[in-house]
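*Asks:* I'm passing along start22.txt; it holds compact mmCIF, C-alpha atoms.
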# COMPACT_ATOMS: atom_id res chain seq x y z
CA MET V 1 7.39 -19.57 44.41
CA THR V 2 7.85 -18.93 48.09
CA ASP V 3 4.71 -19.60 50.08
CA ARG V 4 4.86 -16.13 51.60
CA LEU V 5 4.85 -14.45 48.19
CA ALA V 6 1.96 -16.58 46.93
CA THR V 7 -0.01 -15.82 50.08
CA ARG V 8 0.76 -12.11 49.82
CA ILE V 9 -0.66 -12.01 46.30
CA GLU V 10 -3.80 -13.92 47.28
CA ASP V 11 -4.30 -11.61 50.26
CA ALA V 12 -4.14 -8.60 47.94
CA ARG V 13 -7.31 -9.60 46.08
CA ASP V 14 -9.29 -6.56 47.27
CA ASP V 15 -6.42 -4.24 46.37
CA LEU V 16 -6.20 -5.79 42.90
CA ILE V 17 -9.92 -5.27 42.36
CA ALA V 18 -9.69 -1.65 43.51
CA LEU V 19 -6.66 -0.96 41.30
CA THR V 20 -8.32 -2.48 38.24
CA GLN V 21 -11.49 -0.52 38.87
CA SER V 22 -9.59 2.74 39.25
CA LEU V 23 -7.82 2.15 35.92
CA LEU V 24 -11.07 1.32 34.14
CA ARG V 25 -12.76 4.46 35.41
CA VAL V 26 -10.28 6.62 33.51
CA PRO V 27 -11.79 6.71 29.98
CA THR V 28 -8.60 6.60 27.93
CA LEU V 29 -10.42 6.39 24.61
CA ASN V 30 -8.39 6.12 21.43
CA PRO V 31 -9.32 7.81 19.20
CA PRO V 32 -8.89 10.60 20.03
CA GLY V 33 -6.47 9.83 22.88
CA GLU V 34 -8.15 11.09 26.04
CA HIS V 35 -6.91 11.21 29.65
CA TYR V 36 -3.50 9.70 28.93
CA ARG V 37 -1.70 12.00 31.33
CA ASP V 38 -4.34 11.44 34.02
CA ILE V 39 -3.83 7.68 34.07
CA CYS V 40 -0.05 8.03 33.83
CA GLU V 41 -0.04 10.32 36.87
CA ASP V 42 -2.24 7.88 38.78
CA LEU V 43 0.15 5.04 38.00
CA ALA V 44 3.19 7.16 38.90
CA THR V 45 1.67 8.02 42.28
CA ARG V 46 0.99 4.36 43.02
CA LEU V 47 4.37 3.04 41.89
CA ALA V 48 6.32 5.76 43.70
CA LEU V 49 5.03 4.29 46.97
CA SER V 50 7.01 1.13 46.16
CA GLY V 51 10.19 3.02 45.40
CA PHE V 52 9.89 3.26 41.63
CA GLU V 53 11.50 6.20 39.91
CA THR V 54 8.86 7.43 37.47
CA HIS V 55 9.14 9.27 34.17
CA LEU V 56 6.32 10.80 32.15
CA VAL V 57 7.34 10.87 28.51
CA ARG V 58 5.37 12.71 25.84
CA ALA V 59 5.73 11.35 22.30
CA THR V 60 6.08 14.80 20.79
CA GLY V 61 5.49 14.78 17.06
CA ALA V 62 4.21 11.21 16.93
CA PRO V 63 1.07 10.45 14.89
CA GLY V 64 -1.93 11.76 16.81
CA ASP V 65 0.08 13.87 19.25
CA SER V 66 -1.32 17.38 19.67
CA ASP V 67 -1.79 19.96 22.39
CA ALA V 68 -5.41 18.84 22.66
CA TYR V 69 -4.50 15.14 22.83
CA PRO V 70 -0.88 14.77 23.90
CA ARG V 71 0.57 11.24 23.77
CA TRP V 72 1.80 10.66 27.33
CA ASN V 73 3.57 7.52 28.50
CA LEU V 74 4.81 6.35 31.89
CA VAL V 75 8.03 4.44 32.51
CA ALA V 76 8.77 3.44 36.12
CA ARG V 77 11.98 1.73 37.27
CA ARG V 78 12.98 0.21 40.61
CA GLU V 79 16.64 -0.64 41.01
CA GLY V 80 17.68 -3.67 43.01
CA ALA V 81 20.28 -4.03 45.73
CA ARG V 82 22.96 -5.14 43.27
CA PRO V 83 23.56 -5.24 39.50
CA GLY V 84 21.61 -7.70 37.41
CA GLN V 85 19.15 -7.97 34.57
CA CYS V 86 16.05 -5.86 34.03
CA VAL V 87 12.56 -7.31 33.68
CA HIS V 88 10.10 -4.95 32.03
CA PHE V 89 6.31 -5.26 32.07
CA ASN V 90 4.73 -3.17 29.29
CA SER V 91 0.99 -2.47 29.09
CA HIS V 92 -0.91 -0.06 26.87
CA ILE V 93 -3.22 2.41 28.61
CA ASP V 94 -5.52 3.23 25.70
CA VAL V 95 -8.87 1.56 24.98
CA VAL V 96 -10.99 1.39 21.85
CA GLU V 97 -14.36 3.04 21.34
CA VAL V 98 -17.24 1.72 23.42
CA GLY V 99 -19.53 0.69 20.57
CA ALA V 100 -23.13 -0.49 20.85
CA GLY V 101 -24.59 -3.42 22.77
CA TRP V 102 -23.42 -2.76 26.31
CA THR V 103 -25.68 -3.78 29.19
CA ARG V 104 -23.37 -2.25 31.82
CA ASP V 105 -21.64 1.08 32.26
CA PRO V 106 -18.49 0.71 30.13
CA PHE V 107 -16.54 2.91 32.55
CA GLY V 108 -18.32 1.87 35.73
CA ALA V 109 -15.90 -1.00 36.51
CA GLU V 110 -18.72 -3.06 37.98
CA LEU V 111 -17.72 -6.11 40.02
CA ASP V 112 -20.12 -9.02 39.54
CA GLY V 113 -18.95 -12.22 41.17
CA ASP V 114 -15.48 -12.97 39.82
CA ARG V 115 -15.76 -10.54 36.91
CA ILE V 116 -14.93 -6.85 36.55
CA TYR V 117 -16.72 -5.27 33.58
CA GLY V 118 -15.56 -2.30 31.56
CA ARG V 119 -13.97 -1.13 28.36
CA GLY V 120 -10.33 -2.16 28.63
CA ALA V 121 -10.88 -4.68 31.44
CA CYS V 122 -9.56 -7.51 29.31
CA ASP V 123 -7.54 -5.47 26.81
CA MET V 124 -5.52 -4.71 28.83
CA LYS V 125 -5.91 -2.84 32.09
CA GLY V 126 -6.48 -6.11 33.95
CA GLY V 127 -3.07 -7.29 32.80
CA LEU V 128 -1.50 -3.98 33.81
CA ALA V 129 -3.00 -4.29 37.30
CA ALA V 130 -1.80 -7.89 37.63
CA SER V 131 1.77 -6.93 36.71
CA ILE V 132 1.78 -4.10 39.26
CA LEU V 133 0.48 -6.41 41.98
CA ALA V 134 3.13 -9.02 41.11
CA ALA V 135 5.95 -6.47 41.24
CA GLU V 136 4.77 -4.90 44.50
CA ALA V 137 4.44 -8.25 46.25
CA PHE V 138 7.86 -9.36 45.00
CA LEU V 139 9.52 -6.17 46.25
CA ILE V 140 8.11 -6.62 49.76
CA GLU V 141 9.24 -10.24 49.99
CA HIS V 142 12.58 -9.83 48.22
CA PRO V 143 13.98 -6.32 48.83
CA ASP V 144 17.53 -7.60 48.20
CA PHE V 145 16.88 -8.60 44.59
CA ALA V 146 19.47 -8.10 41.87
CA GLY V 147 18.84 -6.07 38.72
CA ALA V 148 15.83 -3.89 38.08
CA ILE V 149 12.08 -3.99 37.48
CA GLU V 150 10.36 -1.68 35.05
CA ILE V 151 6.66 -1.09 34.49
CA SER V 152 5.39 1.02 31.63
CA GLY V 153 1.97 2.32 30.66
CA THR V 154 2.07 3.33 27.03
CA ALA V 155 -0.15 5.14 24.55
CA ASP V 156 -1.81 4.33 21.27
CA GLU V 157 -1.31 0.56 20.97
CA GLU V 158 -4.82 0.34 19.54
CA SER V 159 -3.79 2.63 16.68
CA GLY V 160 -0.37 1.13 16.05
CA GLY V 161 1.65 2.16 19.09
CA TYR V 162 3.56 4.94 17.35
CA GLY V 163 2.83 7.43 20.12
CA GLY V 164 3.78 4.85 22.73
CA VAL V 165 6.21 1.94 22.50
CA ALA V 166 7.54 2.92 19.06
CA TYR V 167 8.48 6.36 20.35
CA LEU V 168 10.03 4.97 23.54
CA ALA V 169 12.00 2.43 21.53
CA GLU V 170 13.31 5.19 19.26
CA GLN V 171 14.45 7.07 22.38
CA GLY V 172 16.34 4.05 23.70
CA TRP V 173 14.03 2.98 26.52
CA PHE V 174 14.04 -0.62 25.23
CA ASP V 175 17.73 -0.78 24.40
CA PRO V 176 18.99 -4.35 25.08
CA ASP V 177 21.79 -2.87 27.20
CA ARG V 178 19.27 -1.54 29.77
CA VAL V 179 16.29 -3.93 29.42
CA HIS V 180 16.74 -7.68 29.09
CA HIS V 181 13.31 -9.34 29.39
CA VAL V 182 9.96 -7.87 28.29
CA ILE V 183 6.54 -9.26 29.16
CA ILE V 184 3.47 -7.62 27.63
CA PRO V 185 0.34 -8.63 29.63
CA GLU V 186 -2.00 -8.83 26.64
CA PRO V 187 -5.06 -11.09 27.18
CA LEU V 188 -3.83 -14.34 25.68
CA GLY V 189 -4.63 -16.53 28.73
CA LYS V 190 -2.92 -17.38 32.00
CA ASP V 191 -1.42 -20.63 30.66
CA ARG V 192 -0.37 -19.34 27.21
CA ILE V 193 2.81 -17.65 26.05
CA CYS V 194 2.40 -15.53 22.94
CA LEU V 195 5.56 -15.61 20.86
CA GLY V 196 4.55 -13.07 18.25
CA HIS V 197 1.99 -12.00 15.69
CA ARG V 198 1.02 -11.97 12.03
CA GLY V 199 1.88 -9.08 9.75
CA GLY V 200 -0.46 -6.31 8.68
CA TRP V 201 -0.77 -4.20 5.55
CA TRP V 202 -3.27 -1.36 5.42
CA ALA V 203 -4.02 0.39 2.15
CA GLU V 204 -6.58 2.56 0.37
CA ILE V 205 -7.82 1.68 -3.08
CA GLU V 206 -9.50 4.39 -5.14
CA THR V 207 -11.36 3.75 -8.38
CA LYS V 208 -11.79 6.65 -10.78
CA GLY V 209 -14.76 7.72 -12.87
CA GLU V 210 -16.23 10.78 -14.57
CA ILE V 211 -18.93 12.99 -13.11
CA ALA V 212 -22.12 13.53 -15.11
CA HIS V 213 -25.83 14.15 -14.59
CA GLY V 214 -27.53 11.23 -12.85
CA ALA V 215 -30.31 11.27 -15.45
CA MET V 216 -27.72 10.65 -18.17
CA PRO V 217 -25.25 8.24 -16.56
CA PHE V 218 -24.07 7.11 -20.00
CA LEU V 219 -22.32 10.48 -20.31
CA GLY V 220 -20.21 9.75 -17.24
CA ASP V 221 -18.39 6.83 -15.72
CA CYS V 222 -19.48 5.46 -12.33
CA ALA V 223 -16.54 4.94 -9.99
CA ILE V 224 -18.71 2.89 -7.62
CA ARG V 225 -19.45 0.37 -10.39
CA HIS V 226 -15.71 0.06 -10.97
CA MET V 227 -15.28 -0.57 -7.24
CA GLY V 228 -17.98 -3.21 -7.52
CA ALA V 229 -15.72 -5.01 -9.98
CA VAL V 230 -12.89 -4.83 -7.45
CA LEU V 231 -15.08 -6.30 -4.73
CA ASP V 232 -16.26 -9.02 -7.11
CA ALA V 233 -12.63 -9.93 -7.87
CA PHE V 234 -11.96 -10.10 -4.14
CA GLU V 235 -14.83 -12.54 -3.66
CA ARG V 236 -14.07 -14.61 -6.75
CA ASP V 237 -10.26 -14.76 -6.65
CA LEU V 238 -8.56 -13.15 -3.63
CA PHE V 239 -10.53 -14.40 -0.63
CA PRO V 240 -10.41 -18.07 -1.73
CA ALA V 241 -6.65 -17.75 -2.31
CA LEU V 242 -6.10 -16.24 1.14
CA ALA V 243 -8.17 -18.94 2.84
CA SER V 244 -6.03 -21.66 1.24
CA ARG V 245 -2.79 -20.44 2.85
CA ARG V 246 -1.75 -21.70 6.28
CA THR V 247 1.06 -20.67 8.59
CA GLU V 248 3.33 -22.76 10.79
CA MET V 249 3.13 -20.05 13.46
CA PRO V 250 0.85 -21.15 16.35
CA VAL V 251 -1.69 -18.39 15.63
CA ILE V 252 -4.98 -18.45 17.55
CA PRO V 253 -7.86 -18.81 16.91
CA ASP V 254 -7.59 -21.42 14.18
CA GLY V 255 -9.24 -19.19 11.56
CA ALA V 256 -6.29 -16.80 11.86
CA ARG V 257 -3.84 -19.51 10.79
CA ALA V 258 -4.86 -18.46 7.28
CA SER V 259 -4.29 -15.15 5.54
CA THR V 260 -7.20 -12.76 5.98
CA MET V 261 -8.41 -9.41 4.74
CA ASN V 262 -11.05 -7.07 6.07
CA ILE V 263 -12.63 -4.19 4.15
CA ASN V 264 -12.69 -1.49 6.81
CA ALA V 265 -14.57 1.23 4.99
CA ILE V 266 -16.09 2.27 1.67
CA HIS V 267 -16.78 5.82 0.52
CA GLY V 268 -18.13 7.03 -2.81
CA GLY V 269 -20.30 9.65 -4.36
CA GLN V 270 -22.16 12.29 -2.39
CA PRO V 271 -21.06 12.66 1.26
CA GLU V 272 -23.55 11.26 3.73
CA GLU V 273 -25.95 13.85 5.12
CA PRO V 274 -26.24 14.42 8.88
CA GLU V 275 -28.99 12.43 10.59
CA ASP V 276 -31.11 15.54 11.10
CA SER V 277 -30.87 16.59 7.45
CA SER V 278 -33.93 16.38 5.20
CA ALA V 279 -32.02 17.29 2.03
CA LEU V 280 -32.56 15.21 -1.09
CA PRO V 281 -29.61 13.69 -2.96
CA VAL V 282 -28.00 15.55 -5.83
CA HIS V 283 -28.09 13.91 -9.26
CA CYS V 284 -24.49 13.10 -10.05
CA VAL V 285 -22.51 10.12 -11.30
CA PRO V 286 -19.72 9.56 -8.73
CA ASP V 287 -16.22 10.12 -10.07
CA SER V 288 -14.41 8.52 -7.10
CA CYS V 289 -14.88 5.55 -4.79
CA ARG V 290 -12.45 4.51 -2.04
CA ILE V 291 -12.10 1.48 0.18
CA THR V 292 -9.72 0.86 3.06
CA ILE V 293 -8.37 -2.67 3.42
CA ASP V 294 -6.80 -4.41 6.42
CA ARG V 295 -4.71 -7.31 5.08
CA ARG V 296 -3.27 -9.65 7.74
CA PHE V 297 -0.52 -11.79 6.27
CA LEU V 298 1.56 -14.77 7.27
CA ILE V 299 5.24 -14.81 8.08
CA GLU V 300 5.69 -17.16 5.13
CA GLU V 301 4.24 -14.66 2.62
CA GLY V 302 6.34 -11.52 2.90
CA ILE V 303 5.18 -7.93 2.58
CA ASP V 304 6.40 -7.44 -1.00
CA ALA V 305 4.36 -10.43 -2.21
CA VAL V 306 1.26 -9.09 -0.42
CA GLU V 307 1.45 -5.74 -2.19
CA ALA V 308 2.32 -7.36 -5.53
CA GLU V 309 -0.71 -9.64 -5.28
CA MET V 310 -3.04 -6.68 -4.81
CA ARG V 311 -1.49 -4.69 -7.64
CA GLY V 312 -1.71 -7.75 -9.90
CA LEU V 313 -5.43 -8.08 -9.21
CA LEU V 314 -6.05 -4.40 -9.94
CA ASP V 315 -3.86 -4.38 -13.05
CA GLY V 316 -5.76 -7.40 -14.32
CA LEU V 317 -9.01 -5.46 -14.01
CA LYS V 318 -7.45 -2.50 -15.76
CA ALA V 319 -6.42 -4.70 -18.68
CA ARG V 320 -9.84 -6.20 -19.27
CA ARG V 321 -12.36 -3.60 -18.02
CA ALA V 322 -13.11 -0.54 -20.13
CA ASN V 323 -12.08 2.80 -18.58
CA PHE V 324 -10.97 1.16 -15.32
CA ASP V 325 -8.39 3.22 -13.47
CA TYR V 326 -7.24 3.11 -9.86
CA GLU V 327 -4.80 4.39 -7.27
CA LEU V 328 -3.35 2.23 -4.49
CA ARG V 329 -1.97 4.05 -1.46
CA GLU V 330 -0.28 2.28 1.43
CA ILE V 331 -1.38 3.49 4.86
CA ASN V 332 0.81 1.36 7.13
CA ARG V 333 2.69 -1.91 7.26
CA VAL V 334 3.69 -4.21 10.12
CA ILE V 335 6.15 -7.05 9.63
CA PRO V 336 5.39 -10.32 11.47
CA SER V 337 7.29 -10.87 14.73
CA MET V 338 8.24 -14.21 16.28
CA THR V 339 10.36 -14.78 19.38
CA ASP V 340 12.52 -17.90 19.54
CA PRO V 341 10.78 -20.52 21.74
CA ALA V 342 14.17 -21.08 23.39
CA ALA V 343 14.52 -17.41 24.43
CA PRO V 344 15.12 -16.91 28.17
CA VAL V 345 11.83 -15.10 28.82
CA VAL V 346 9.94 -17.97 27.16
CA THR V 347 11.63 -20.78 29.07
CA THR V 348 11.36 -18.87 32.35
CA LEU V 349 7.64 -18.30 31.83
CA GLU V 350 7.19 -21.98 30.93
CA ALA V 351 8.75 -23.02 34.22
CA ALA V 352 6.79 -20.42 36.20
CA ILE V 353 3.47 -21.55 34.70
CA ALA V 354 4.27 -25.20 35.41
CA GLU V 355 5.30 -24.51 39.02
CA THR V 356 2.50 -22.04 39.78
CA LEU V 357 -0.47 -23.39 37.85
CA GLY V 358 0.58 -27.01 37.47
CA SER V 359 0.02 -26.93 33.69
CA LYS V 360 2.15 -27.03 30.57
CA ALA V 361 2.32 -23.67 28.83
CA GLN V 362 0.91 -23.46 25.32
CA HIS V 363 2.82 -21.47 22.73
CA VAL V 364 0.56 -19.24 20.64
CA ALA V 365 0.79 -16.30 18.26
CA SER V 366 -1.62 -13.39 18.00
CA PRO V 367 -3.92 -12.86 15.00
CA GLY V 368 -3.36 -9.11 15.27
CA SER V 369 -0.20 -7.18 15.95
CA TYR V 370 0.65 -5.59 19.28
CA ASP V 371 3.60 -3.61 20.63
CA GLN V 372 6.10 -6.48 20.42
CA LYS V 373 6.70 -5.33 16.83
CA HIS V 374 8.31 -2.10 18.01
CA ILE V 375 10.36 -3.68 20.78
CA ASP V 376 11.61 -6.20 18.22
CA ARG V 377 12.19 -4.00 15.17
CA ILE V 378 13.03 -0.60 16.64
CA GLY V 379 14.31 -1.58 20.08
CA ARG V 380 16.29 -4.56 18.71
CA LEU V 381 15.21 -6.51 21.78
CA LYS V 382 14.25 -10.05 20.76
CA ASN V 383 13.60 -11.46 24.24
CA CYS V 384 9.96 -10.33 24.37
CA VAL V 385 6.60 -12.11 24.63
CA ALA V 386 3.00 -11.42 25.52
CA TYR V 387 1.63 -13.09 28.64
CA GLY V 388 -1.38 -11.97 30.62
CA PRO V 389 -4.85 -12.76 31.95
CA GLY V 390 -8.03 -12.53 29.94
CA LYS V 391 -9.78 -14.02 26.94
CA LEU V 392 -8.71 -12.58 23.61
CA GLU V 393 -12.21 -13.09 22.20
CA LEU V 394 -13.57 -10.47 24.64
CA ALA V 395 -11.30 -7.70 23.37
CA HIS V 396 -13.18 -4.80 21.75
CA LYS V 397 -16.54 -6.49 22.46
CA PRO V 398 -19.51 -5.08 24.45
CA ASP V 399 -19.61 -6.05 28.14
CA GLU V 400 -15.88 -6.72 28.14
CA TRP V 401 -14.71 -8.29 31.41
CA ILE V 402 -11.72 -9.74 33.24
CA SER V 403 -11.69 -12.53 35.82
CA VAL V 404 -10.26 -11.59 39.21
CA THR V 405 -9.10 -15.16 39.73
CA ASP V 406 -7.26 -15.14 36.41
CA MET V 407 -5.56 -11.86 37.30
CA LEU V 408 -4.41 -13.27 40.64
CA GLU V 409 -3.07 -16.45 39.05
CA SER V 410 -1.29 -14.49 36.32
CA ALA V 411 0.19 -12.21 38.99
CA ARG V 412 1.56 -15.28 40.77
CA VAL V 413 3.18 -16.44 37.53
CA MET V 414 4.69 -13.00 36.90
CA ALA V 415 6.03 -12.85 40.45
CA ARG V 416 7.58 -16.30 40.03
CA VAL V 417 9.31 -15.07 36.86
CA LEU V 418 10.79 -12.22 38.89
CA GLU V 419 12.04 -14.70 41.48
CA LYS V 420 13.70 -16.82 38.82
CA LEU V 421 15.37 -13.93 37.00
CA LEU V 422 16.24 -11.47 39.76
CA LEU V 423 17.04 -13.37 42.92
CA PRO V 424 20.72 -14.06 43.67
CA ASP V 425 21.78 -17.68 43.27
Could you express the structure from this file as structure tokens?

*Replies:*
Amino acid sequence: MTDRLATRIEDARDDLIALTQSLLRVPTLNPPGEHYRDICEDLATRLALSGFETHLVRATGAPGDSDAYPRWNLVARREGARPGQCVHFNSHIDVVEVGAGWTRDPFGAELDGDRIYGRGACDMKGGLAASILAAEAFLIEHPDFAGAIEISGTADEESGGYGGVAYLAEQGWFDPDRVHHVIIPEPLGKDRICLGHRGGWWAEIETKGEIAHGAMPFLGDCAIRHMGAVLDAFERDLFPALASRRTEMPVIPDGARASTMNINAIHGGQPEEPEDSSALPVHCVPDSCRITIDRRFLIEEGIDAVEAEMRGLLDGLKARRANFDYELREINRVIPSMTDPAAPVVTTLEAAIAETLGSKAQHVASPGSYDQKHIDRIGRLKNCVAYGPGKLELAHKPDEWISVTDMLESARVMARVLEKLLLPD
């Protein structure tokens, strides 16, 4: 990295803090999908000052898109002085619910020492700010660069990315003929390159019963008791089997090297009364119970085997448990993604991390999926990784924060990548 570029980034510390704080103060909560256009317009205004051509793209008809909560995305492009390759930085603009346990204003963007606190600071508005700073500094120092730089702020990553990157990929924005390298500044760490992610399979299981008077439960059939048998089979058979499987992918943290499953929700019987209700429960045997499962699977397993394993468990219960009946409904599926460690964006990042930070880059994979899946599967662009500042363990937690120093160092790495890929020989 040229000394002037490194110095320019370091000198922009106050600007980086202000930019990150301004992004955090826009409460882009998903669900339901609030203030997407507001933050996209803010980003467009900023990037236009550096000569980016900006496009606001609504994912009309995508899951969640409505007139009340339209799914807006920003794509900004700055052409170079001559033809060359395009480097694209993609960040999602949405943040998850606040949740309980905060000791600071989740949208106050408070600066305390080296940390900026707020929902989305780590995941991933800090990474978005770092990529913008890197691109702006590079453009000032190297106005004669070849190729193009793109920066996108996209919707709905936290709910699957279908109103964001998936829609843009379907529309050709990530076509390999126009974009060549993609870096997603997810919070995997300033000296880590994330090559991909595990797969995900979400489904709803419903057990059936027969309604009857609660004083005579023997005249009915309790669906919740049948679900209890399902949960018991999970504990006895499925969870131990999942824990015994290990992947060769470099998934972090270590616990995610195994297959996992989370039970997201359970519903059965009488609907829950509002908190201010004083009504007593009705006396009925529940005829339905539903759970939602979040099954994260390994690249070695395969999606068909995952579904077959669940159906086998449920069919086994049906064969040996009186009156047991169920329905299994798939909600969504995500196939694992893994970029070749020899891909150009990987080797370029490795060199940039070594030259900028003086450390050897660690290859990792994410325990959860992120928008690489859509760039890979729909966009057909394989030269894509996640790299950005922040600690993954802070994502979705109370008092989420991002280190200013880490953002600056990641910005230096990103700027060095631009030098390596876009400067004429």

*Asks:* For each of V:Gly163, V:Gly126, V:Pro63, V:Gly113, take the minimum atom-to-atom distance to Gln21 of chain V, counting all atoms listed in the file, then give the residue where this is smallest.

*Replies:*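 Looking only at the distances to Gln21 of chain V, the closest residue turns out to be V:Gly126.
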
*Asks:* Can you tell me, as an MDAnalysis selection string, what residues are no more than 9 Å from Pro31 of chain V when counting all atoms listed in the file, ignoring any on the same chain fewer than 3 positions away?

*Replies:* chainID V and resid 28 34 64 94:97 156 158:159

*Asks:* Which residue gives the smallest distance to His92 of chain V among V:Arg178, V:Arg257, V:Arg71, V:Arg198, with all atoms listed in the file counted?

*Replies:* V:Arg71

*Asks:* Tell me, as a list of chain:residue names, which residues lie within 10 Å of Gly160 of chain V, counting only C-alpha atoms; anything in the same chain fewer than 6 positions away does not count.

*Replies:*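 Counting only C-alpha atoms, the residues come to V:Pro63, V:Ala166, V:Asn332, V:Arg333, V:Val334, V:Ser369, V:Tyr370, V:Asp371, V:Lys373, V:His374.
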
*Asks:* Just give me the gap between atom CA of Ile184 of chain V and atom CA of Arg245 of chain V in Å, one decimal is fine.

*Replies:* 28.6 Å

*Asks:* Give as a PyMOL selection string every residue, naming chains and numbers as the document does, that has an atom within 10 Å of (-2.7, 12.2, 31.8), counting all atoms listed in the file.

*Replies:* chain V and resi 26+28+33-43+56+69-74

*Asks:* Skipping near chain neighbours, those fewer than 5 positions away, what residues fall within 7 Å of segment 295-297 of chain V using all atoms listed in the file, listed as a list of chain:residue names?

*Replies:* V:Arg198, V:Gly199, V:Gly200, V:Trp201, V:Trp202, V:Ser259, V:Thr260, V:Met261, V:Asn262

*Asks:* Can you spit out the residues from that selection as a PDB file, in the frame of the given file, using C-alpha atoms?

*Replies:*
ATOM      1  CA  ARG V 198       1.020 -11.970  12.030  1.00  0.00           C
ATOM      2  CA  GLY V 199       1.880  -9.080   9.750  1.00  0.00           C
ATOM      3  CA  GLY V 200      -0.460  -6.310   8.680  1.00  0.00           C
ATOM      4  CA  TRP V 201      -0.770  -4.200   5.550  1.00  0.00           C
ATOM      5  CA  TRP V 202      -3.270  -1.360   5.420  1.00  0.00           C
ATOM      6  CA  SER V 259      -4.290 -15.150   5.540  1.00  0.00           C
ATOM      7  CA  THR V 260      -7.200 -12.760   5.980  1.00  0.00           C
ATOM      8  CA  MET V 261      -8.410  -9.410   4.740  1.00  0.00           C
ATOM      9  CA  ASN V 262     -11.050  -7.070   6.070  1.00  0.00           C
TER      10      ASN V 262
END
